[in-house]
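Let me begin by presenting the structure, written as structure tokens, before commenting on it.
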Protein chains: 2
Amino acid sequence: MELIYKNLLSEELDSLEVNLVRSISSDISLASEISNYLVSSGGKRIRPVICILIAKTYGYKGKDLIKLATSIELLHTATLIHDDVVDQSLVRRGKKSIQAKWDNAHGVLVGDFVYSKAFQLMASFENSQIIKTLADSTNKISEGEVLQLSLKNKEVLSEEDYFEIIDRKTAELFKSAAVTAGILSSCDMDQLSSLARFATSLGISFQIQDDILDYFGNEELTGKKLGKDFEEGKFTLPILIALKKMSDDEKSKFLAMFELGKKDDFSEILALLSLNETITDIQDTFNYYSNICKEELNNMPDNRYKEALYDIVINLDSRLT
Amino acid sequence: MELIYKNLLSEELDSLEVNLVRSISSDISLASEISNYLVSSGGKRIRPVICILIAKTYGYKGKDLIKLATSIELLHTATLIHDDVVDQSLVRRGKKSIQAKWDNAHGVLVGDFVYSKAFQLMASFENSQIIKTLADSTNKISEGEVLQLSLKNKEVLSEEDYFEIIDRKTAELFKSAAVTAGILSSCDMDQLSSLARFATSLGISFQIQDDILDYFGNEELTGKKLGKDFEEGKFTLPILIALKKMSDDEKSKFLAMFELGKKDDFSEILALLSLNETITDIQDTFNYYSNICKEELNNMPDNRYKEALYDIVINLDSRLT
């Protein structure tokens, strides 16, 4: 079933696409060409959608909303480009990644170009609180990237580090998308805190869902192959919860298998993750964050934009059950 | 002989170093550690020096100057870190580059971290013209990087492209260092235009001098080995001017030798660059920009800070003759 926001925001989403392409235009044609290659390859646009829905929930009628949403999606795009260089990923949104199609040098420099375009948009806001919020987020995200890198060779990631990383790498930009939309709409401090809590939890739920779908998803529905995180040896929530249930012996055996990341072992890993109490714990953790989203939505004015936000939260739930 | 600014700004320069280190502090210790490795390895600090001298020439007495100078040096530092990833350079400021000591991933992400710290500092200015000027510069610089990359496989670089690249990669940040110092000091539009022209020309002179010293420098004085640009096959002004003087046959022979970049051929290249009319043309081009600097200095109030700026211009001259 189609999500409510798709119809509700159809004009704004068209305008977002036009603005994204326009904002990366440049005298240096190669810079536009390569960044456009990724920008025009779809993507869920979930961060700008949150930003637009929240501003509209709070009745914003000004002309700066699409500009704000564009700068947030550009920040996200720049991090994807650099992530693909760092991870040497070959595929992004079903196409070759920029570093795979061109090379590392192009990935690094076009990523910087997209960042710079995001900063130019940010700098054009007259409200300094918006600029500061986005600059602080950029910093928090980049620290999250370095933190993740520093933990790469650890035998096992702690649950604390897992949450610290997804808080910085995923939830942070959800949060600033929501908070800056709130600032634009003249929300007071209480409303901004509530928006921050809502969007942080939504970002975490979103990431946990992504992590779960990598093991239990329907490949036809998600369009993504199962087991990518497993093959890359990436510690995600399902793995961390499963590990907590194991004896030391089981853990060593599991970690050895996990380190190799062999496709043949995937079904055995799946069986371990599918044990009742593991599934329940994963679901409980997800529900914890999903419930915060629903609670915080109660603080917002009732209208169809808020309904569309609620619909996004519910939809995340339903894809897991 | 020591440059005047070193004594005149000794307090400010100490404060700059303290602020640089403080500004890259982070909860994520690896991010601070790696960025501090480069930040604390010296560097000429020419951009912050220009920024501080200009603000003081115009009588600025406020508290934001070192913060501005720090953000400019951080922007420069971030570009150096990414440049070393892109060029796979092994050495920076006499030490291993970050990508050589750690790896590409650390170079990309720590570069992003330093950018984000620069943006946080920029965002803290109440004056939106300062933020916009620096954001625009960041974009112009990154476009220059992509332009340079797009021209990498050309058989020969045109003089026009050479100037476009150094204008963006070197002169641009000199310019915004000067212009933002002027904005901070409440300069009027005419004064800002003059500052832009002064600092752009200074940046270009600075780069041309660097290019010349790579062929004709005194290794003991500069601390840099001769012939690095030649070995990397980098088209710089001396080469472009020499090429203009050659017949088609001479040109093909020269380009073939240049492409190989063999150390043994360096003396032959030097002999070609040392022909009288080539040397004169190089010097004339340098003088053109150096003279603009001197002209524009005439528009500034007379005081010892302006004298120190003049001294920097004269010192660039003297190292070439």
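Labels used: A, B, ... for chains in the order of the structure tokens, numbers from 1 for residues in each chain, and numbers from 1 for ligands as shown.
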
Given a cut-off of 8 Å, which residues of chain B touch chain A, counting only C-alpha atoms, written out as a PDB file with all heavy atoms, in the first residue's frame?
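Saved result, part.pdb, follows:
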```pdb
ATOM      1  N   SER B  26      37.766  16.556  20.226  1.00  0.00           N
ATOM      2  CA  SER B  26      36.559  15.768  19.958  1.00  0.00           C
ATOM      3  C   SER B  26      36.433  14.637  20.963  1.00  0.00           C
ATOM      4  O   SER B  26      37.430  14.143  21.491  1.00  0.00           O
ATOM      5  CB  SER B  26      36.675  15.196  18.539  1.00  0.00           C
ATOM      6  OG  SER B  26      35.742  14.159  18.334  1.00  0.00           O
ATOM      7  N   ILE B  28      35.607  11.850  20.070  1.00  0.00           N
ATOM      8  CA  ILE B  28      36.135  10.707  19.332  1.00  0.00           C
ATOM      9  C   ILE B  28      37.639  10.918  19.217  1.00  0.00           C
ATOM     10  O   ILE B  28      38.114  11.683  18.367  1.00  0.00           O
ATOM     11  CB  ILE B  28      35.475  10.612  17.935  1.00  0.00           C
ATOM     12  CG1 ILE B  28      33.946  10.674  18.050  1.00  0.00           C
ATOM     13  CG2 ILE B  28      35.931   9.361  17.188  1.00  0.00           C
ATOM     14  CD1 ILE B  28      33.321   9.615  18.954  1.00  0.00           C
ATOM     15  N   LEU B  30      40.245   9.376  18.180  1.00  0.00           N
ATOM     16  CA  LEU B  30      40.992   9.130  16.946  1.00  0.00           C
ATOM     17  C   LEU B  30      40.890  10.321  15.982  1.00  0.00           C
ATOM     18  O   LEU B  30      41.851  10.643  15.273  1.00  0.00           O
ATOM     19  CB  LEU B  30      40.483   7.851  16.256  1.00  0.00           C
ATOM     20  CG  LEU B  30      41.292   7.397  15.038  1.00  0.00           C
ATOM     21  CD1 LEU B  30      42.665   6.864  15.449  1.00  0.00           C
ATOM     22  CD2 LEU B  30      40.546   6.320  14.238  1.00  0.00           C
ATOM     23  N   ALA B  31      39.727  10.963  15.956  1.00  0.00           N
ATOM     24  CA  ALA B  31      39.534  12.116  15.068  1.00  0.00           C
ATOM     25  C   ALA B  31      40.475  13.257  15.461  1.00  0.00           C
ATOM     26  O   ALA B  31      41.124  13.872  14.608  1.00  0.00           O
ATOM     27  CB  ALA B  31      38.074  12.580  15.102  1.00  0.00           C
ATOM     28  N   HIS B  82      42.526  15.749   1.947  1.00  0.00           N
ATOM     29  CA  HIS B  82      41.875  15.084   0.802  1.00  0.00           C
ATOM     30  C   HIS B  82      42.780  15.086  -0.441  1.00  0.00           C
ATOM     31  O   HIS B  82      42.797  14.107  -1.190  1.00  0.00           O
ATOM     32  CB  HIS B  82      40.518  15.721   0.520  1.00  0.00           C
ATOM     33  CG  HIS B  82      39.449  15.245   1.459  1.00  0.00           C
ATOM     34  ND1 HIS B  82      38.151  15.680   1.418  1.00  0.00           N
ATOM     35  CD2 HIS B  82      39.497  14.343   2.477  1.00  0.00           C
ATOM     36  CE1 HIS B  82      37.439  15.075   2.362  1.00  0.00           C
ATOM     37  NE2 HIS B  82      38.242  14.276   3.031  1.00  0.00           N
ATOM     38  N   VAL B  85      44.966  12.132  -0.351  1.00  0.00           N
ATOM     39  CA  VAL B  85      44.288  10.884  -0.734  1.00  0.00           C
ATOM     40  C   VAL B  85      44.191  10.814  -2.262  1.00  0.00           C
ATOM     41  O   VAL B  85      44.511   9.799  -2.879  1.00  0.00           O
ATOM     42  CB  VAL B  85      42.870  10.801  -0.114  1.00  0.00           C
ATOM     43  CG1 VAL B  85      42.137   9.559  -0.620  1.00  0.00           C
ATOM     44  CG2 VAL B  85      42.944  10.792   1.409  1.00  0.00           C
ATOM     45  N   VAL B  86      43.764  11.933  -2.848  1.00  0.00           N
ATOM     46  CA  VAL B  86      43.537  11.974  -4.299  1.00  0.00           C
ATOM     47  C   VAL B  86      44.849  11.731  -5.071  1.00  0.00           C
ATOM     48  O   VAL B  86      44.878  10.988  -6.044  1.00  0.00           O
ATOM     49  CB  VAL B  86      42.909  13.334  -4.675  1.00  0.00           C
ATOM     50  CG1 VAL B  86      42.966  13.574  -6.172  1.00  0.00           C
ATOM     51  CG2 VAL B  86      41.463  13.383  -4.175  1.00  0.00           C
ATOM     52  N   ASP B  87      45.919  12.383  -4.623  1.00  0.00           N
ATOM     53  CA  ASP B  87      47.212  12.245  -5.322  1.00  0.00           C
ATOM     54  C   ASP B  87      48.024  11.063  -4.818  1.00  0.00           C
ATOM     55  O   ASP B  87      49.116  10.814  -5.323  1.00  0.00           O
ATOM     56  CB  ASP B  87      48.065  13.516  -5.122  1.00  0.00           C
ATOM     57  CG  ASP B  87      47.389  14.746  -5.696  1.00  0.00           C
ATOM     58  OD1 ASP B  87      46.555  14.580  -6.608  1.00  0.00           O
ATOM     59  OD2 ASP B  87      47.691  15.865  -5.226  1.00  0.00           O
ATOM     60  N   ASN B 104      43.555   5.335   3.126  1.00  0.00           N
ATOM     61  CA  ASN B 104      42.613   6.215   2.418  1.00  0.00           C
ATOM     62  C   ASN B 104      41.378   6.523   3.250  1.00  0.00           C
ATOM     63  O   ASN B 104      40.915   7.658   3.300  1.00  0.00           O
ATOM     64  CB  ASN B 104      42.130   5.553   1.115  1.00  0.00           C
ATOM     65  CG  ASN B 104      43.164   5.664   0.011  1.00  0.00           C
ATOM     66  OD1 ASN B 104      44.099   6.456   0.095  1.00  0.00           O
ATOM     67  ND2 ASN B 104      42.997   4.850  -1.022  1.00  0.00           N
ATOM     68  N   ALA B 105      40.817   5.469   3.877  1.00  0.00           N
ATOM     69  CA  ALA B 105      39.576   5.647   4.643  1.00  0.00           C
ATOM     70  C   ALA B 105      39.778   6.704   5.728  1.00  0.00           C
ATOM     71  O   ALA B 105      38.943   7.606   5.906  1.00  0.00           O
ATOM     72  CB  ALA B 105      39.140   4.319   5.260  1.00  0.00           C
ATOM     73  N   HIS B 106      40.904   6.610   6.457  1.00  0.00           N
ATOM     74  CA  HIS B 106      41.174   7.606   7.501  1.00  0.00           C
ATOM     75  C   HIS B 106      41.345   8.995   6.880  1.00  0.00           C
ATOM     76  O   HIS B 106      40.884   9.992   7.442  1.00  0.00           O
ATOM     77  CB  HIS B 106      42.416   7.221   8.298  1.00  0.00           C
ATOM     78  CG  HIS B 106      42.189   6.061   9.235  1.00  0.00           C
ATOM     79  ND1 HIS B 106      42.123   4.755   8.800  1.00  0.00           N
ATOM     80  CD2 HIS B 106      41.994   6.015  10.579  1.00  0.00           C
ATOM     81  CE1 HIS B 106      41.913   3.959   9.840  1.00  0.00           C
ATOM     82  NE2 HIS B 106      41.826   4.695  10.930  1.00  0.00           N
ATOM     83  N   VAL B 108      39.995  10.204   4.074  1.00  0.00           N
ATOM     84  CA  VAL B 108      38.699  10.737   3.650  1.00  0.00           C
ATOM     85  C   VAL B 108      37.910  11.225   4.861  1.00  0.00           C
ATOM     86  O   VAL B 108      37.413  12.360   4.902  1.00  0.00           O
ATOM     87  CB  VAL B 108      37.876   9.659   2.897  1.00  0.00           C
ATOM     88  CG1 VAL B 108      36.462  10.160   2.608  1.00  0.00           C
ATOM     89  CG2 VAL B 108      38.574   9.268   1.600  1.00  0.00           C
ATOM     90  N   LEU B 109      37.816  10.380   5.896  1.00  0.00           N
ATOM     91  CA  LEU B 109      36.911  10.696   7.007  1.00  0.00           C
ATOM     92  C   LEU B 109      37.480  11.752   7.947  1.00  0.00           C
ATOM     93  O   LEU B 109      36.731  12.581   8.478  1.00  0.00           O
ATOM     94  CB  LEU B 109      36.538   9.415   7.763  1.00  0.00           C
ATOM     95  CG  LEU B 109      35.769   8.397   6.904  1.00  0.00           C
ATOM     96  CD1 LEU B 109      35.463   7.137   7.706  1.00  0.00           C
ATOM     97  CD2 LEU B 109      34.485   9.006   6.347  1.00  0.00           C
ATOM     98  N   VAL B 110      38.787  11.743   8.164  1.00  0.00           N
ATOM     99  CA  VAL B 110      39.370  12.786   9.014  1.00  0.00           C
ATOM    100  C   VAL B 110      39.354  14.124   8.269  1.00  0.00           C
ATOM    101  O   VAL B 110      39.137  15.174   8.876  1.00  0.00           O
ATOM    102  CB  VAL B 110      40.783  12.398   9.497  1.00  0.00           C
ATOM    103  CG1 VAL B 110      41.453  13.554  10.216  1.00  0.00           C
ATOM    104  CG2 VAL B 110      40.693  11.186  10.425  1.00  0.00           C
ATOM    105  N   ASP B 112      36.947  15.009   6.277  1.00  0.00           N
ATOM    106  CA  ASP B 112      35.559  15.444   6.498  1.00  0.00           C
ATOM    107  C   ASP B 112      35.365  16.007   7.910  1.00  0.00           C
ATOM    108  O   ASP B 112      34.652  16.996   8.104  1.00  0.00           O
ATOM    109  CB  ASP B 112      34.584  14.264   6.311  1.00  0.00           C
ATOM    110  CG  ASP B 112      34.439  13.884   4.843  1.00  0.00           C
ATOM    111  OD1 ASP B 112      34.890  14.652   3.968  1.00  0.00           O
ATOM    112  OD2 ASP B 112      33.867  12.804   4.567  1.00  0.00           O
ATOM    113  N   PHE B 113      36.007  15.366   8.868  1.00  0.00           N
ATOM    114  CA  PHE B 113      35.927  15.844  10.252  1.00  0.00           C
ATOM    115  C   PHE B 113      36.491  17.272  10.366  1.00  0.00           C
ATOM    116  O   PHE B 113      35.878  18.149  10.993  1.00  0.00           O
ATOM    117  CB  PHE B 113      36.683  14.876  11.173  1.00  0.00           C
ATOM    118  CG  PHE B 113      36.954  15.409  12.555  1.00  0.00           C
ATOM    119  CD1 PHE B 113      35.940  15.463  13.499  1.00  0.00           C
ATOM    120  CD2 PHE B 113      38.214  15.867  12.904  1.00  0.00           C
ATOM    121  CE1 PHE B 113      36.185  15.964  14.780  1.00  0.00           C
ATOM    122  CE2 PHE B 113      38.473  16.361  14.181  1.00  0.00           C
ATOM    123  CZ  PHE B 113      37.454  16.418  15.116  1.00  0.00           C
ATOM    124  N   SER B 116      34.177  19.705   8.889  1.00  0.00           N
ATOM    125  CA  SER B 116      33.005  19.947   9.730  1.00  0.00           C
ATOM    126  C   SER B 116      33.348  20.891  10.878  1.00  0.00           C
ATOM    127  O   SER B 116      32.535  21.720  11.279  1.00  0.00           O
ATOM    128  CB  SER B 116      32.423  18.627  10.250  1.00  0.00           C
ATOM    129  OG  SER B 116      33.220  18.095  11.295  1.00  0.00           O
ATOM    130  N   LYS B 117      34.574  20.792  11.394  1.00  0.00           N
ATOM    131  CA  LYS B 117      34.999  21.707  12.460  1.00  0.00           C
ATOM    132  C   LYS B 117      35.124  23.136  11.916  1.00  0.00           C
ATOM    133  O   LYS B 117      34.790  24.105  12.604  1.00  0.00           O
ATOM    134  CB  LYS B 117      36.333  21.238  13.054  1.00  0.00           C
ATOM    135  CG  LYS B 117      36.190  20.001  13.949  1.00  0.00           C
ATOM    136  CD  LYS B 117      35.441  20.353  15.221  1.00  0.00           C
ATOM    137  CE  LYS B 117      35.450  19.244  16.248  1.00  0.00           C
ATOM    138  NZ  LYS B 117      34.681  19.625  17.455  1.00  0.00           N
ATOM    139  N   PHE B 119      33.336  24.318   9.473  1.00  0.00           N
ATOM    140  CA  PHE B 119      31.968  24.810   9.280  1.00  0.00           C
ATOM    141  C   PHE B 119      31.318  25.210  10.597  1.00  0.00           C
ATOM    142  O   PHE B 119      30.569  26.173  10.658  1.00  0.00           O
ATOM    143  CB  PHE B 119      31.115  23.757   8.575  1.00  0.00           C
ATOM    144  CG  PHE B 119      31.544  23.570   7.156  1.00  0.00           C
ATOM    145  CD1 PHE B 119      31.899  22.321   6.669  1.00  0.00           C
ATOM    146  CD2 PHE B 119      31.627  24.658   6.297  1.00  0.00           C
ATOM    147  CE1 PHE B 119      32.329  22.163   5.363  1.00  0.00           C
ATOM    148  CE2 PHE B 119      32.045  24.502   4.989  1.00  0.00           C
ATOM    149  CZ  PHE B 119      32.400  23.249   4.514  1.00  0.00           C
ATOM    150  N   GLN B 120      31.617  24.456  11.652  1.00  0.00           N
ATOM    151  CA  GLN B 120      31.065  24.845  12.959  1.00  0.00           C
ATOM    152  C   GLN B 120      31.573  26.226  13.373  1.00  0.00           C
ATOM    153  O   GLN B 120      30.817  27.052  13.873  1.00  0.00           O
ATOM    154  CB  GLN B 120      31.438  23.819  14.021  1.00  0.00           C
ATOM    155  CG  GLN B 120      30.559  22.577  13.991  1.00  0.00           C
ATOM    156  CD  GLN B 120      30.871  21.670  15.163  1.00  0.00           C
ATOM    157  OE1 GLN B 120      32.002  21.196  15.287  1.00  0.00           O
ATOM    158  NE2 GLN B 120      29.892  21.436  16.009  1.00  0.00           N
ATOM    159  N   ALA B 123      29.885  28.793  11.209  1.00  0.00           N
ATOM    160  CA  ALA B 123      28.471  28.960  11.566  1.00  0.00           C
ATOM    161  C   ALA B 123      28.300  29.812  12.822  1.00  0.00           C
ATOM    162  O   ALA B 123      27.221  30.340  13.075  1.00  0.00           O
ATOM    163  CB  ALA B 123      27.806  27.597  11.767  1.00  0.00           C
ATOM    164  N   SER B 124      29.375  29.935  13.608  1.00  0.00           N
ATOM    165  CA  SER B 124      29.245  30.679  14.864  1.00  0.00           C
ATOM    166  C   SER B 124      29.369  32.194  14.660  1.00  0.00           C
ATOM    167  O   SER B 124      29.210  32.959  15.601  1.00  0.00           O
ATOM    168  CB  SER B 124      30.286  30.186  15.873  1.00  0.00           C
ATOM    169  OG  SER B 124      31.575  30.593  15.464  1.00  0.00           O
ATOM    170  N   GLU B 126      28.052  35.787  13.680  1.00  0.00           N
ATOM    171  CA  GLU B 126      26.719  36.383  13.587  1.00  0.00           C
ATOM    172  C   GLU B 126      26.525  37.038  12.217  1.00  0.00           C
ATOM    173  O   GLU B 126      25.399  37.205  11.754  1.00  0.00           O
ATOM    174  CB  GLU B 126      26.512  37.406  14.713  1.00  0.00           C
ATOM    175  CG  GLU B 126      26.344  36.769  16.089  1.00  0.00           C
ATOM    176  CD  GLU B 126      25.276  35.662  16.120  1.00  0.00           C
ATOM    177  OE1 GLU B 126      24.200  35.847  15.534  1.00  0.00           O
ATOM    178  OE2 GLU B 126      25.545  34.594  16.743  1.00  0.00           O
ATOM    179  N   SER B 128      26.213  37.146   8.488  1.00  0.00           N
ATOM    180  CA  SER B 128      25.935  36.120   7.474  1.00  0.00           C
ATOM    181  C   SER B 128      26.795  36.302   6.222  1.00  0.00           C
ATOM    182  O   SER B 128      27.022  35.346   5.479  1.00  0.00           O
ATOM    183  CB  SER B 128      24.455  36.108   7.115  1.00  0.00           C
ATOM    184  OG  SER B 128      24.125  37.297   6.435  1.00  0.00           O
ATOM    185  N   ILE B 131      29.789  34.088   6.639  1.00  0.00           N
ATOM    186  CA  ILE B 131      29.454  32.672   6.420  1.00  0.00           C
ATOM    187  C   ILE B 131      29.304  32.400   4.928  1.00  0.00           C
ATOM    188  O   ILE B 131      29.839  31.428   4.392  1.00  0.00           O
ATOM    189  CB  ILE B 131      28.148  32.296   7.166  1.00  0.00           C
ATOM    190  CG1 ILE B 131      28.283  32.617   8.661  1.00  0.00           C
ATOM    191  CG2 ILE B 131      27.817  30.827   6.958  1.00  0.00           C
ATOM    192  CD1 ILE B 131      27.025  32.317   9.473  1.00  0.00           C
ATOM    193  N   LYS B 132      28.580  33.289   4.233  1.00  0.00           N
ATOM    194  CA  LYS B 132      28.358  33.087   2.792  1.00  0.00           C
ATOM    195  C   LYS B 132      29.665  33.131   2.014  1.00  0.00           C
ATOM    196  O   LYS B 132      29.885  32.326   1.100  1.00  0.00           O
ATOM    197  CB  LYS B 132      27.407  34.164   2.248  1.00  0.00           C
ATOM    198  CG  LYS B 132      25.954  33.825   2.522  1.00  0.00           C
ATOM    199  CD  LYS B 132      25.027  34.916   1.994  1.00  0.00           C
ATOM    200  CE  LYS B 132      23.686  34.810   2.710  1.00  0.00           C
ATOM    201  NZ  LYS B 132      22.905  36.020   2.694  1.00  0.00           N
ATOM    202  N   ALA B 135      31.472  29.861   2.587  1.00  0.00           N
ATOM    203  CA  ALA B 135      30.786  28.733   1.938  1.00  0.00           C
ATOM    204  C   ALA B 135      31.005  28.789   0.429  1.00  0.00           C
ATOM    205  O   ALA B 135      31.263  27.759  -0.215  1.00  0.00           O
ATOM    206  CB  ALA B 135      29.292  28.755   2.275  1.00  0.00           C
ATOM    207  N   ASP B 136      30.926  29.996  -0.140  1.00  0.00           N
ATOM    208  CA  ASP B 136      31.158  30.134  -1.583  1.00  0.00           C
ATOM    209  C   ASP B 136      32.590  29.732  -1.948  1.00  0.00           C
ATOM    210  O   ASP B 136      32.825  29.096  -2.973  1.00  0.00           O
ATOM    211  CB  ASP B 136      30.897  31.574  -2.041  1.00  0.00           C
ATOM    212  CG  ASP B 136      29.407  31.923  -2.008  1.00  0.00           C
ATOM    213  OD1 ASP B 136      28.591  31.001  -1.839  1.00  0.00           O
ATOM    214  OD2 ASP B 136      29.072  33.111  -2.137  1.00  0.00           O
ATOM    215  N   THR B 138      34.506  27.595  -0.338  1.00  0.00           N
ATOM    216  CA  THR B 138      34.610  26.142  -0.226  1.00  0.00           C
ATOM    217  C   THR B 138      34.135  25.496  -1.516  1.00  0.00           C
ATOM    218  O   THR B 138      34.750  24.562  -2.040  1.00  0.00           O
ATOM    219  CB  THR B 138      33.737  25.645   0.946  1.00  0.00           C
ATOM    220  OG1 THR B 138      34.075  26.410   2.101  1.00  0.00           O
ATOM    221  CG2 THR B 138      33.985  24.187   1.233  1.00  0.00           C
ATOM    222  N   ASN B 139      33.031  26.020  -2.050  1.00  0.00           N
ATOM    223  CA  ASN B 139      32.512  25.472  -3.305  1.00  0.00           C
ATOM    224  C   ASN B 139      33.465  25.734  -4.465  1.00  0.00           C
ATOM    225  O   ASN B 139      33.765  24.838  -5.259  1.00  0.00           O
ATOM    226  CB  ASN B 139      31.138  26.097  -3.597  1.00  0.00           C
ATOM    227  CG  ASN B 139      30.595  25.641  -4.931  1.00  0.00           C
ATOM    228  OD1 ASN B 139      30.489  26.413  -5.867  1.00  0.00           O
ATOM    229  ND2 ASN B 139      30.307  24.352  -5.059  1.00  0.00           N
ATOM    230  N   SER B 142      36.424  23.408  -4.276  1.00  0.00           N
ATOM    231  CA  SER B 142      36.145  22.007  -4.607  1.00  0.00           C
ATOM    232  C   SER B 142      35.883  21.861  -6.106  1.00  0.00           C
ATOM    233  O   SER B 142      36.254  20.858  -6.718  1.00  0.00           O
ATOM    234  CB  SER B 142      34.988  21.467  -3.764  1.00  0.00           C
ATOM    235  OG  SER B 142      33.768  21.705  -4.386  1.00  0.00           O
ATOM    236  N   GLU B 143      35.280  22.877  -6.715  1.00  0.00           N
ATOM    237  CA  GLU B 143      35.126  22.841  -8.176  1.00  0.00           C
ATOM    238  C   GLU B 143      36.496  22.858  -8.859  1.00  0.00           C
ATOM    239  O   GLU B 143      36.698  22.181  -9.870  1.00  0.00           O
ATOM    240  CB  GLU B 143      34.300  24.036  -8.655  1.00  0.00           C
ATOM    241  CG  GLU B 143      32.820  23.917  -8.318  1.00  0.00           C
ATOM    242  CD  GLU B 143      32.012  25.100  -8.836  1.00  0.00           C
ATOM    243  OE1 GLU B 143      32.595  26.206  -8.986  1.00  0.00           O
ATOM    244  OE2 GLU B 143      30.813  24.947  -9.066  1.00  0.00           O
ATOM    245  N   GLU B 145      39.206  21.586  -7.721  1.00  0.00           N
ATOM    246  CA  GLU B 145      39.773  20.239  -7.576  1.00  0.00           C
ATOM    247  C   GLU B 145      39.224  19.308  -8.660  1.00  0.00           C
ATOM    248  O   GLU B 145      39.959  18.528  -9.258  1.00  0.00           O
ATOM    249  CB  GLU B 145      39.417  19.653  -6.201  1.00  0.00           C
ATOM    250  CG  GLU B 145      39.939  20.422  -5.004  1.00  0.00           C
ATOM    251  CD  GLU B 145      41.364  20.025  -4.631  1.00  0.00           C
ATOM    252  OE1 GLU B 145      41.955  19.169  -5.314  1.00  0.00           O
ATOM    253  OE2 GLU B 145      41.877  20.600  -3.651  1.00  0.00           O
ATOM    254  N   VAL B 146      37.892  19.396  -8.881  1.00  0.00           N
ATOM    255  CA  VAL B 146      37.277  18.530  -9.899  1.00  0.00           C
ATOM    256  C   VAL B 146      37.757  18.942 -11.293  1.00  0.00           C
ATOM    257  O   VAL B 146      38.056  18.086 -12.139  1.00  0.00           O
ATOM    258  CB  VAL B 146      35.731  18.560  -9.812  1.00  0.00           C
ATOM    259  CG1 VAL B 146      35.106  17.702 -10.911  1.00  0.00           C
ATOM    260  CG2 VAL B 146      35.263  18.064  -8.447  1.00  0.00           C
ATOM    261  N   LEU B 147      37.882  20.254 -11.525  1.00  0.00           N
ATOM    262  CA  LEU B 147      38.406  20.727 -12.817  1.00  0.00           C
ATOM    263  C   LEU B 147      39.794  20.147 -13.075  1.00  0.00           C
ATOM    264  O   LEU B 147      40.090  19.618 -14.157  1.00  0.00           O
ATOM    265  CB  LEU B 147      38.473  22.268 -12.813  1.00  0.00           C
ATOM    266  CG  LEU B 147      39.164  22.899 -14.019  1.00  0.00           C
ATOM    267  CD1 LEU B 147      38.359  22.656 -15.298  1.00  0.00           C
ATOM    268  CD2 LEU B 147      39.373  24.415 -13.827  1.00  0.00           C
ATOM    269  N   LEU B 149      41.111  17.499 -11.873  1.00  0.00           N
ATOM    270  CA  LEU B 149      40.993  16.061 -12.119  1.00  0.00           C
ATOM    271  C   LEU B 149      40.539  15.797 -13.553  1.00  0.00           C
ATOM    272  O   LEU B 149      41.031  14.884 -14.230  1.00  0.00           O
ATOM    273  CB  LEU B 149      39.956  15.506 -11.132  1.00  0.00           C
ATOM    274  CG  LEU B 149      39.921  14.011 -10.855  1.00  0.00           C
ATOM    275  CD1 LEU B 149      41.255  13.541 -10.308  1.00  0.00           C
ATOM    276  CD2 LEU B 149      38.808  13.696  -9.845  1.00  0.00           C
ATOM    277  N   SER B 150      39.615  16.631 -14.037  1.00  0.00           N
ATOM    278  CA  SER B 150      39.055  16.403 -15.377  1.00  0.00           C
ATOM    279  C   SER B 150      40.089  16.689 -16.466  1.00  0.00           C
ATOM    280  O   SER B 150      39.946  16.233 -17.595  1.00  0.00           O
ATOM    281  CB  SER B 150      37.816  17.283 -15.586  1.00  0.00           C
ATOM    282  OG  SER B 150      38.202  18.631 -15.783  1.00  0.00           O
TER     283      SER B 150
END
```

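Across all paired C-alpha atoms, chain B deviates from chain A by 0.0 Å RMSD after optimal superposition.
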
Members of region 98-206 of chain B assigned alpha helix (DSSP H) by DSSP, as an MDAnalysis selection string: chainID B and resid 98:101 104:123 128:150 159:166 172:184 189:206

Atomic distance CA of Lys56 (chain B) - CA of Asn315 (chain B), expressed in Å with one decimal: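 Here the two named atoms are 20.2 Å from each other.
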
So the first atom is CA of Ile54 (chain A) and the second is CA of Ala181 (chain A); what is the distance between them in Å, to one decimal place?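 It comes out at 6.2 Å.
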
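With only C-alpha atoms as the atoms that count, the residue of B:Gly227, B:Gly182, B:Gly43, B:Gly233 with the shortest distance to Ala55 (chain B) is B:Gly182.
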
Length of the CA of Ser15 (chain A) to CA of Ile66 (chain A) vector [Å]: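 CA of Ile66 (chain A) lies 7.2 Å from CA of Ser15 (chain A).
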
So that I can see what lies close to Lys294 (chain A), please list as a VMD selection string the residues with an atom at most 12 Å from it, counting only C-alpha atoms and leaving out residues fewer than 2 positions away in the same chain. chain A and resid 194 to 195 197 to 199 201 to 202 205 287 to 292 296 to 300 306 to 307 309 to 314 316 to 317

Could you please write out, as number ranges by chain, every residue of region 78-215 of chain A that DSSP assigns to strand (DSSP E)? A: 91-92, 95-96

Just the residues within 10 Å of Gln283 (chain A), please, counting only C-alpha atoms, with nothing from its chain fewer than 4 positions along; format it as an MDAnalysis selection string. chainID A and resid 208:209 212 238 277:279 287:288 317 320:321

Just checking: using only C-alpha atoms, which residue out of A:Leu8, A:Leu275, A:Leu255, A:Ile46 ends up closest to Leu157 (chain A)? A:Leu255
